[in-house]
file upload_4.cif (mmCIF, C-alpha atoms)
data_target
loop_
_atom_site.label_atom_id
_atom_site.label_comp_id
_atom_site.auth_asym_id
_atom_site.auth_seq_id
_atom_site.Cartn_x
_atom_site.Cartn_y
_atom_site.Cartn_z
CA MET V 1 100.16 65.62 65.46
CA GLU V 2 97.82 62.68 66.12
CA PRO V 3 97.50 60.93 69.50
CA GLN V 4 100.14 58.22 69.88
CA PHE V 5 100.13 55.02 71.93
CA ALA V 6 103.31 52.97 72.34
CA ARG V 7 104.66 50.13 74.44
CA LEU V 8 107.67 52.08 75.71
CA ASP V 9 109.70 49.10 76.92
CA GLN V 10 109.35 47.42 73.52
CA THR V 11 110.11 50.48 71.42
CA ARG V 12 113.30 50.12 69.38
CA ALA V 13 116.30 51.06 71.53
CA PHE V 14 119.28 53.17 70.55
CA GLU V 15 122.66 53.44 72.25
CA LEU V 16 123.32 56.60 74.25
CA VAL V 17 126.80 55.58 75.40
CA THR V 18 128.31 52.13 75.93
CA GLY V 19 126.03 50.14 78.22
CA VAL V 20 123.29 52.78 78.25
CA THR V 21 120.33 52.54 75.85
CA GLY V 22 117.25 54.68 75.32
CA ARG V 23 113.73 53.92 74.10
CA PRO V 24 112.17 57.22 73.02
CA LEU V 25 108.67 58.54 72.43
CA PHE V 26 108.55 61.89 70.68
CA GLY V 27 105.79 64.40 71.26
CA GLU V 28 105.84 67.91 69.88
CA GLY V 29 106.73 69.85 73.03
CA ALA V 30 108.51 67.11 74.96
CA MET V 31 109.87 63.61 74.61
CA LEU V 32 110.18 60.60 76.88
CA ASN V 33 113.28 58.42 76.95
CA LEU V 34 113.23 55.13 78.88
CA VAL V 35 116.89 54.68 79.76
CA ARG V 36 118.46 51.37 80.76
CA PHE V 37 121.88 51.43 82.47
CA GLU V 38 123.68 48.10 82.40
CA PRO V 39 125.58 47.43 85.65
CA GLY V 40 128.86 49.33 85.64
CA SER V 41 127.87 51.79 82.92
CA THR V 42 128.41 55.51 83.23
CA VAL V 43 127.49 58.68 81.34
CA PRO V 44 130.41 61.11 81.14
CA ALA V 45 130.00 64.78 82.03
CA HIS V 46 128.06 66.66 79.36
CA SER V 47 125.46 69.39 78.98
CA HIS V 48 122.69 70.32 76.56
CA PRO V 49 120.42 73.32 76.27
CA HIS V 50 117.33 71.14 76.91
CA GLU V 51 115.71 70.94 80.32
CA GLN V 52 115.92 67.35 81.60
CA ILE V 53 113.34 66.07 84.06
CA GLY V 54 113.25 62.46 85.14
CA VAL V 55 112.45 59.80 87.66
CA VAL V 56 114.20 56.57 88.60
CA LEU V 57 112.00 53.48 88.09
CA GLU V 58 114.35 50.61 89.05
CA GLY V 59 117.79 50.33 90.64
CA MET V 60 119.91 53.38 91.44
CA GLN V 61 120.99 56.25 89.19
CA ALA V 62 123.40 58.80 90.56
CA LEU V 63 123.45 62.25 88.98
CA VAL V 64 126.57 64.26 89.63
CA VAL V 65 125.89 68.00 89.51
CA ASP V 66 128.26 70.72 90.74
CA GLY V 67 130.54 68.03 92.18
CA VAL V 68 127.77 66.47 94.30
CA ALA V 69 126.56 62.90 93.61
CA HIS V 70 122.79 62.53 94.10
CA GLU V 71 122.13 58.79 94.43
CA LEU V 72 118.51 58.35 93.37
CA GLU V 73 116.32 55.30 93.94
CA PRO V 74 112.84 54.46 92.62
CA PHE V 75 110.43 57.42 92.65
CA GLU V 76 113.25 59.90 93.21
CA ALA V 77 112.90 62.62 90.59
CA TYR V 78 114.96 65.55 89.33
CA VAL V 79 114.91 68.69 87.26
CA LEU V 80 118.16 69.67 85.53
CA PRO V 81 117.84 73.10 83.90
CA GLY V 82 119.27 73.43 80.40
CA GLY V 83 123.02 74.07 80.21
CA ILE V 84 123.89 72.37 83.53
CA GLU V 85 126.88 70.01 83.32
CA HIS V 86 126.07 66.57 84.70
CA SER V 87 127.33 63.01 84.65
CA ALA V 88 125.72 59.77 85.80
CA TYR V 89 126.52 56.34 87.13
CA CYS V 90 124.36 53.48 88.36
CA GLY V 91 124.18 51.00 91.20
CA PRO V 92 125.41 47.38 91.09
CA GLU V 93 122.13 46.20 89.52
CA GLY V 94 122.05 48.97 86.92
CA ALA V 95 119.06 51.27 86.63
CA LEU V 96 115.92 52.00 84.67
CA VAL V 97 115.11 55.69 84.38
CA LEU V 98 112.46 57.75 82.63
CA ASP V 99 113.86 60.99 81.24
CA VAL V 100 111.82 63.88 79.80
CA PHE V 101 113.41 66.51 77.58
CA THR V 102 111.98 69.90 76.59
CA PRO V 103 112.23 70.75 73.81
CA ILE V 104 112.69 67.37 72.14
CA ARG V 105 116.28 66.25 71.48
CA GLU V 106 116.57 66.60 67.70
CA ASP V 107 119.91 64.78 67.91
CA TYR V 108 118.16 61.76 69.45
CA HIS V 109 115.34 62.02 66.91
CA GLU V 110 117.82 61.90 64.02
CA ARG V 111 119.90 59.09 65.52
CA TRP V 112 116.84 57.01 66.35
CA HIS V 113 115.40 57.37 62.85
CA ALA V 114 118.80 56.77 61.23
CA GLU V 115 118.91 53.35 62.88
CA GLU V 116 115.53 52.35 61.41
CA VAL V 117 115.67 49.10 59.50
CA PRO V 118 114.25 49.64 56.00
CA ASP V 119 111.03 47.77 55.28
CA ALA V 120 112.07 44.40 53.85
CA GLY V 121 108.86 44.22 51.77
CA MET O 1 116.08 77.79 88.03
CA GLU O 2 118.31 75.59 90.21
CA PRO O 3 118.53 71.79 89.88
CA GLN O 4 115.80 70.10 91.94
CA PHE O 5 115.69 66.67 93.54
CA ALA O 6 112.45 65.32 95.02
CA ARG O 7 111.00 62.06 96.27
CA LEU O 8 108.03 62.12 93.90
CA ASP O 9 105.89 59.56 95.74
CA GLN O 10 106.26 61.54 98.97
CA THR O 11 105.60 64.96 97.49
CA ARG O 12 102.44 66.59 98.83
CA ALA O 13 99.44 65.35 96.87
CA PHE O 14 96.50 67.38 95.58
CA GLU O 15 93.13 66.18 94.36
CA LEU O 16 92.53 66.21 90.62
CA VAL O 17 89.00 64.78 90.82
CA THR O 18 87.37 62.54 93.43
CA GLY O 19 89.58 59.48 93.93
CA VAL O 20 92.39 60.78 91.72
CA THR O 21 95.37 62.60 93.24
CA GLY O 22 98.53 64.09 91.77
CA ARG O 23 102.03 64.61 93.11
CA PRO O 24 103.70 67.24 90.94
CA LEU O 25 107.23 68.34 90.17
CA PHE O 26 107.48 71.62 88.27
CA GLY O 27 110.30 72.37 85.86
CA GLU O 28 110.38 75.42 83.64
CA GLY O 29 109.48 73.82 80.31
CA ALA O 30 107.60 70.78 81.56
CA MET O 31 106.15 69.23 84.71
CA LEU O 32 105.73 65.73 86.02
CA ASN O 33 102.57 64.60 87.79
CA LEU O 34 102.50 61.22 89.55
CA VAL O 35 98.81 60.34 89.41
CA ARG O 36 97.13 57.77 91.65
CA PHE O 37 93.70 56.45 90.63
CA GLU O 38 91.80 54.79 93.45
CA PRO O 39 89.84 51.74 92.26
CA GLY O 40 86.62 52.83 90.60
CA SER O 41 87.70 56.43 89.99
CA THR O 42 87.26 58.16 86.66
CA VAL O 43 88.31 61.42 85.02
CA PRO O 44 85.46 62.98 83.02
CA ALA O 45 85.97 64.16 79.44
CA HIS O 46 87.99 67.34 79.28
CA SER O 47 90.66 69.05 77.24
CA HIS O 48 93.49 71.52 77.77
CA PRO O 49 95.85 73.31 75.42
CA HIS O 50 98.86 71.51 76.98
CA GLU O 51 100.43 68.49 75.36
CA GLN O 52 100.10 65.50 77.71
CA ILE O 53 102.61 62.65 77.52
CA GLY O 54 102.58 59.82 80.01
CA VAL O 55 103.26 56.25 80.92
CA VAL O 56 101.41 53.79 83.13
CA LEU O 57 103.53 52.52 86.04
CA GLU O 58 101.08 50.23 87.94
CA GLY O 59 97.61 48.84 87.28
CA MET O 60 95.56 49.85 84.24
CA GLN O 61 94.61 53.30 83.00
CA ALA O 62 92.24 53.57 80.05
CA LEU O 63 92.33 56.75 77.99
CA VAL O 64 89.24 57.35 75.89
CA VAL O 65 90.03 59.43 72.80
CA ASP O 66 87.74 59.89 69.81
CA GLY O 67 85.36 57.32 71.26
CA VAL O 68 88.04 54.61 71.49
CA ALA O 69 89.15 53.27 74.90
CA HIS O 70 92.90 52.55 75.02
CA GLU O 71 93.45 50.26 78.02
CA LEU O 72 97.08 50.82 79.03
CA GLU O 73 99.17 48.65 81.33
CA PRO O 74 102.66 49.23 82.80
CA PHE O 75 105.14 50.72 80.31
CA GLU O 76 102.39 51.63 77.87
CA ALA O 77 102.85 55.30 76.97
CA TYR O 78 100.90 57.96 75.13
CA VAL O 79 101.06 61.40 73.58
CA LEU O 80 97.88 63.48 73.61
CA PRO O 81 98.31 66.67 71.59
CA GLY O 82 96.93 69.85 73.15
CA GLY O 83 93.22 70.44 72.64
CA ILE O 84 92.25 66.74 72.32
CA GLU O 85 89.20 65.77 74.38
CA HIS O 86 89.89 62.74 76.56
CA SER O 87 88.55 60.92 79.59
CA ALA O 88 90.04 58.18 81.74
CA TYR O 89 89.12 55.25 83.92
CA CYS O 90 91.18 52.63 85.71
CA GLY O 91 91.24 48.90 86.31
CA PRO O 92 89.92 47.10 89.41
CA GLU O 93 93.19 47.71 91.28
CA GLY O 94 93.38 51.39 90.33
CA ALA O 95 96.44 52.76 88.57
CA LEU O 96 99.63 54.71 89.07
CA VAL O 97 100.53 56.91 86.11
CA LEU O 98 103.27 59.42 85.34
CA ASP O 99 101.98 62.36 83.32
CA VAL O 100 104.12 65.05 81.68
CA PHE O 101 102.65 68.38 80.60
CA THR O 102 104.19 70.98 78.29
CA PRO O 103 103.99 73.78 79.03
CA ILE O 104 103.47 73.40 82.78
CA ARG O 105 99.87 73.48 84.04
CA GLU O 106 99.67 76.88 85.74
CA ASP O 107 96.25 75.82 87.12
CA TYR O 108 97.90 72.86 88.89
CA HIS O 109 100.76 75.06 90.06
CA GLU O 110 98.34 77.51 91.67
CA ARG O 111 96.16 74.81 93.22
CA TRP O 112 99.15 72.92 94.56
CA HIS O 113 100.68 76.03 96.17
CA ALA O 114 97.28 77.17 97.48
CA GLU O 115 97.07 73.97 99.52
CA GLU O 116 100.44 74.58 101.18
CA VAL O 117 100.29 74.48 104.95
CA PRO O 118 101.81 77.69 106.35
CA ASP O 119 104.98 77.19 108.36
CA ALA O 120 103.88 76.67 111.97
CA GLY O 121 107.15 78.18 113.22
#

call {"tool": "encode", "arguments": {"input": "upload_4.cif", "output": "C-alpha cells"}}
result
Amino acid sequence: MEPQFARLDQTRAFELVTGVTGRPLFGEGAMLNLVRFEPGSTVPAHSHPHEQIGVVLEGMQALVVDGVAHELEPFEAYVLPGGIEHSAYCGPEGALVLDVFTPIREDYHERWHAEEVPDAG
Amino acid sequence: MEPQFARLDQTRAFELVTGVTGRPLFGEGAMLNLVRFEPGSTVPAHSHPHEQIGVVLEGMQALVVDGVAHELEPFEAYVLPGGIEHSAYCGPEGALVLDVFTPIREDYHERWHAEEVPDAG
C-alpha cells in the first residue's frame, strides 16, 4: 500500500443509518470514519467483531454500553472491544466523531465503493 | 479488555521528542495518540513497522515522505504504511494531531507506564 493523503471532511460520505453519515479512510490495519450525527439521530443497538476506538470532535455523542449512557463531549475518547453491544445518540446540536476500526470494516469498504459514481468520461 | 472511556486531552502526556508530546489511549488492536507540536518543533526522519493513520485537528502538520512535504491542515488525514521513512514539522502556531497506530506501539506503552507516578497513598 502507498502512502495516502485525503481531506477527510470532503471525502465522499455514505449513510450509516438515517441521519448518520460516515466519511472513511481505509488503511491496511485500521480505518478512520468521520461520523456526522444530524440532531435527533440515533444508532440502534448493534455489535461487530471489530474493536472500535474513537473520539468526539464536536457536539455530544452518547454511547450506551451495558445499560449505561456515556455522554461524551469533545476530546472524550473510548475503546469498545469487539463483540460489545452498543447504541448511540447525540446532543441537540448533533455530533462529529472520529471512529477507528481494527481490522477495517469490509462491510463499509464494500458499501462505500458500491456507491461510487462511475467516471462520466 | 473492558470498554474504556477517557478524556484524551487530559490524559497524562509523555514526550515524543523535544517540543512534541503525546497523550495515548491503548486499545488491543490499535492505539490513539493525541500529539501536540509546540511552535518550531520537528520530528526527525524515522520509521517503524506500525501503520500510522492520522488527522490534523488544529494548526498545520507537514509530513515529509519520499522527499515531498505534505502540509496538512485541519481534517487532512493520512495513511503511512509500516516501514515508510517520514519526518514532520509544524506551522507557526504548532499543531494538534490525532495519530492511530496498528498494532499498538509497545515502546510508547512502556514509556508511558514507566512515567507513572506511584500512588502516594

call {"tool": "calpha_fit_and_write", "arguments": {"input": "upload_4.cif", "fixed": "chain O", "moving": "chain V", "output": "compact mmCIF listing (two decimals) with C-alpha atoms, in the coordinates of the input"}}
result
# COMPACT_ATOMS: atom_id res chain seq x y z
CA MET V 1 116.08 77.78 88.00
CA GLU V 2 118.32 75.58 90.17
CA PRO V 3 118.54 71.78 89.86
CA GLN V 4 115.82 70.10 91.91
CA PHE V 5 115.71 66.66 93.52
CA ALA V 6 112.47 65.31 94.99
CA ARG V 7 111.01 62.06 96.26
CA LEU V 8 108.03 62.11 93.89
CA ASP V 9 105.90 59.56 95.74
CA GLN V 10 106.26 61.53 98.97
CA THR V 11 105.62 64.96 97.49
CA ARG V 12 102.45 66.58 98.84
CA ALA V 13 99.45 65.35 96.86
CA PHE V 14 96.54 67.39 95.55
CA GLU V 15 93.14 66.19 94.37
CA LEU V 16 92.54 66.20 90.62
CA VAL V 17 89.01 64.78 90.82
CA THR V 18 87.40 62.54 93.43
CA GLY V 19 89.58 59.48 93.93
CA VAL V 20 92.40 60.78 91.72
CA THR V 21 95.39 62.60 93.24
CA GLY V 22 98.53 64.10 91.76
CA ARG V 23 102.05 64.62 93.10
CA PRO V 24 103.72 67.25 90.91
CA LEU V 25 107.26 68.35 90.16
CA PHE V 26 107.50 71.61 88.26
CA GLY V 27 110.32 72.38 85.86
CA GLU V 28 110.39 75.42 83.63
CA GLY V 29 109.50 73.81 80.30
CA ALA V 30 107.61 70.77 81.56
CA MET V 31 106.16 69.24 84.69
CA LEU V 32 105.73 65.73 86.02
CA ASN V 33 102.58 64.60 87.78
CA LEU V 34 102.50 61.21 89.54
CA VAL V 35 98.82 60.33 89.40
CA ARG V 36 97.14 57.77 91.64
CA PHE V 37 93.70 56.45 90.63
CA GLU V 38 91.81 54.79 93.46
CA PRO V 39 89.84 51.74 92.27
CA GLY V 40 86.61 52.85 90.62
CA SER V 41 87.71 56.43 90.00
CA THR V 42 87.27 58.17 86.68
CA VAL V 43 88.31 61.43 85.02
CA PRO V 44 85.46 62.97 83.03
CA ALA V 45 85.95 64.16 79.46
CA HIS V 46 87.99 67.37 79.32
CA SER V 47 90.67 69.07 77.25
CA HIS V 48 93.50 71.53 77.79
CA PRO V 49 95.86 73.31 75.44
CA HIS V 50 98.88 71.52 76.99
CA GLU V 51 100.43 68.48 75.36
CA GLN V 52 100.10 65.49 77.71
CA ILE V 53 102.61 62.66 77.52
CA GLY V 54 102.58 59.82 80.00
CA VAL V 55 103.27 56.25 80.92
CA VAL V 56 101.41 53.78 83.13
CA LEU V 57 103.53 52.51 86.04
CA GLU V 58 101.09 50.23 87.93
CA GLY V 59 97.62 48.84 87.27
CA MET V 60 95.57 49.84 84.23
CA GLN V 61 94.61 53.31 82.99
CA ALA V 62 92.25 53.57 80.06
CA LEU V 63 92.32 56.75 77.99
CA VAL V 64 89.24 57.36 75.89
CA VAL V 65 90.03 59.43 72.80
CA ASP V 66 87.71 59.91 69.81
CA GLY V 67 85.33 57.32 71.29
CA VAL V 68 88.02 54.62 71.52
CA ALA V 69 89.15 53.27 74.92
CA HIS V 70 92.90 52.55 75.03
CA GLU V 71 93.45 50.26 78.03
CA LEU V 72 97.07 50.82 79.02
CA GLU V 73 99.17 48.65 81.32
CA PRO V 74 102.65 49.22 82.79
CA PHE V 75 105.14 50.70 80.30
CA GLU V 76 102.38 51.63 77.87
CA ALA V 77 102.84 55.28 76.97
CA TYR V 78 100.89 57.97 75.13
CA VAL V 79 101.06 61.39 73.58
CA LEU V 80 97.86 63.47 73.62
CA PRO V 81 98.30 66.66 71.59
CA GLY V 82 96.94 69.84 73.16
CA GLY V 83 93.21 70.45 72.67
CA ILE V 84 92.24 66.76 72.32
CA GLU V 85 89.19 65.77 74.39
CA HIS V 86 89.89 62.75 76.58
CA SER V 87 88.53 60.93 79.60
CA ALA V 88 90.03 58.18 81.75
CA TYR V 89 89.12 55.26 83.93
CA CYS V 90 91.18 52.63 85.72
CA GLY V 91 91.24 48.90 86.31
CA PRO V 92 89.92 47.10 89.41
CA GLU V 93 93.19 47.71 91.30
CA GLY V 94 93.39 51.38 90.34
CA ALA V 95 96.44 52.77 88.59
CA LEU V 96 99.63 54.72 89.06
CA VAL V 97 100.55 56.91 86.11
CA LEU V 98 103.28 59.41 85.33
CA ASP V 99 101.99 62.35 83.31
CA VAL V 100 104.14 65.05 81.67
CA PHE V 101 102.66 68.37 80.60
CA THR V 102 104.19 70.98 78.28
CA PRO V 103 104.01 73.79 79.04
CA ILE V 104 103.49 73.41 82.78
CA ARG V 105 99.88 73.48 84.03
CA GLU V 106 99.66 76.87 85.75
CA ASP V 107 96.27 75.82 87.13
CA TYR V 108 97.91 72.86 88.89
CA HIS V 109 100.78 75.07 90.06
CA GLU V 110 98.35 77.52 91.67
CA ARG V 111 96.17 74.81 93.21
CA TRP V 112 99.16 72.92 94.57
CA HIS V 113 100.66 76.03 96.16
CA ALA V 114 97.27 77.17 97.48
CA GLU V 115 97.04 73.96 99.49
CA GLU V 116 100.42 74.58 101.17
CA VAL V 117 100.22 74.46 104.93
CA PRO V 118 101.71 77.67 106.36
CA ASP V 119 104.89 77.19 108.37
CA ALA V 120 103.79 76.64 111.97
CA GLY V 121 107.02 78.21 113.28

call {"tool": "atom_distance", "arguments": {"input": "upload_4.cif", "atom1": "atom CA of Ala77 of chain V", "atom2": "atom CA of Gly83 of chain O"}}
result
27.8 Å

call {"tool": "closest_residue", "arguments": {"input": "upload_4.cif", "among": "O:Pro24, O:Gly67, O:Gly82, O:Gly59", "to": "Ser47 of chain O", "atoms": "only C-alpha atoms"}}
result
O:Gly82

call {"tool": "closest_residue", "arguments": {"input": "upload_4.cif", "among": "V:Leu57, V:Asp99, V:Thr42, V:Asp107", "to": "Pro74 of chain O", "atoms": "only C-alpha atoms"}}
result
V:Leu57

call {"tool": "resolve_selection", "arguments": {"input": "upload_4.cif", "expression": "the PyMOL selection byres ((chain O) within 10 of (chain V))", "output": "ChimeraX atom specification"}}
result
/O:1-10,25-32,34,50-57,65-66,70,72-82,84,98,100-103

call {"tool": "resolve_selection", "arguments": {"input": "upload_4.cif", "expression": "the PyMOL selection byres ((chain O and resi 22) around 7)", "output": "ChimeraX atom specification"}}
result
/O:13-16,20-21,23-24,33-36

call {"tool": "resolve_selection", "arguments": {"input": "upload_4.cif", "expression": "the PyMOL selection byres ((chain O and resi 89) around 12)", "output": "PyMOL selection string"}}
result
chain O and resi 17+19-20+36-45+59-65+69-72+86-88+90-97

call {"tool": "build_atoms", "arguments": {"input": "upload_4.cif", "residues": "segment 72-86 of chain O", "atoms": "N, CA, C and O atoms", "output": "mmCIF file, in the frame of the given file"}}
result
data_model
loop_
_atom_site.group_PDB
_atom_site.id
_atom_site.type_symbol
_atom_site.label_atom_id
_atom_site.label_comp_id
_atom_site.auth_asym_id
_atom_site.auth_seq_id
_atom_site.Cartn_x
_atom_site.Cartn_y
_atom_site.Cartn_z
ATOM 1 N N LEU O 72 95.619 50.769 78.992
ATOM 2 C CA LEU O 72 97.080 50.820 79.030
ATOM 3 C C LEU O 72 97.612 50.208 80.316
ATOM 4 O O LEU O 72 97.174 50.572 81.405
ATOM 5 N N GLU O 73 98.572 49.326 80.175
ATOM 6 C CA GLU O 73 99.170 48.650 81.330
ATOM 7 C C GLU O 73 100.613 49.150 81.506
ATOM 8 O O GLU O 73 101.081 49.982 80.736
ATOM 9 N N PRO O 74 101.331 48.671 82.528
ATOM 10 C CA PRO O 74 102.660 49.230 82.800
ATOM 11 C C PRO O 74 103.564 49.264 81.557
ATOM 12 O O PRO O 74 103.618 48.309 80.784
ATOM 13 N N PHE O 75 104.230 50.391 81.407
ATOM 14 C CA PHE O 75 105.140 50.720 80.310
ATOM 15 C C PHE O 75 104.416 51.090 79.019
ATOM 16 O O PHE O 75 105.072 51.379 78.025
ATOM 17 N N GLU O 76 103.087 51.104 79.044
ATOM 18 C CA GLU O 76 102.390 51.630 77.870
ATOM 19 C C GLU O 76 102.304 53.152 78.022
ATOM 20 O O GLU O 76 101.939 53.668 79.085
ATOM 21 N N ALA O 77 102.677 53.839 76.947
ATOM 22 C CA ALA O 77 102.850 55.300 76.970
ATOM 23 C C ALA O 77 101.957 55.945 75.921
ATOM 24 O O ALA O 77 101.427 55.270 75.038
ATOM 25 N N TYR O 78 101.803 57.252 76.031
ATOM 26 C CA TYR O 78 100.900 57.960 75.130
ATOM 27 C C TYR O 78 101.334 59.411 74.969
ATOM 28 O O TYR O 78 102.031 59.970 75.832
ATOM 29 N N VAL O 79 100.930 59.970 73.837
ATOM 30 C CA VAL O 79 101.060 61.400 73.580
ATOM 31 C C VAL O 79 99.679 61.897 73.186
ATOM 32 O O VAL O 79 99.110 61.413 72.204
ATOM 33 N N LEU O 80 99.140 62.829 73.967
ATOM 34 C CA LEU O 80 97.880 63.480 73.610
ATOM 35 C C LEU O 80 98.203 64.930 73.245
ATOM 36 O O LEU O 80 98.611 65.715 74.112
ATOM 37 N N PRO O 81 98.038 65.278 71.969
ATOM 38 C CA PRO O 81 98.310 66.670 71.590
ATOM 39 C C PRO O 81 97.382 67.618 72.342
ATOM 40 O O PRO O 81 96.289 67.220 72.769
ATOM 41 N N GLY O 82 97.775 68.856 72.499
ATOM 42 C CA GLY O 82 96.930 69.850 73.150
ATOM 43 C C GLY O 82 95.592 69.969 72.433
ATOM 44 O O GLY O 82 95.505 69.813 71.212
ATOM 45 N N GLY O 83 94.536 70.201 73.227
ATOM 46 C CA GLY O 83 93.220 70.440 72.640
ATOM 47 C C GLY O 83 92.395 69.200 72.361
ATOM 48 O O GLY O 83 91.235 69.317 71.958
ATOM 49 N N ILE O 84 92.968 68.007 72.581
ATOM 50 C CA ILE O 84 92.250 66.740 72.320
ATOM 51 C C ILE O 84 91.365 66.403 73.523
ATOM 52 O O ILE O 84 91.875 66.308 74.643
ATOM 53 N N GLU O 85 90.077 66.189 73.280
ATOM 54 C CA GLU O 85 89.200 65.770 74.380
ATOM 55 C C GLU O 85 89.521 64.330 74.769
ATOM 56 O O GLU O 85 89.711 63.477 73.892
ATOM 57 N N HIS O 86 89.595 64.091 76.084
ATOM 58 C CA HIS O 86 89.890 62.740 76.560
ATOM 59 C C HIS O 86 89.283 62.529 77.935
ATOM 60 O O HIS O 86 89.090 63.479 78.696
#
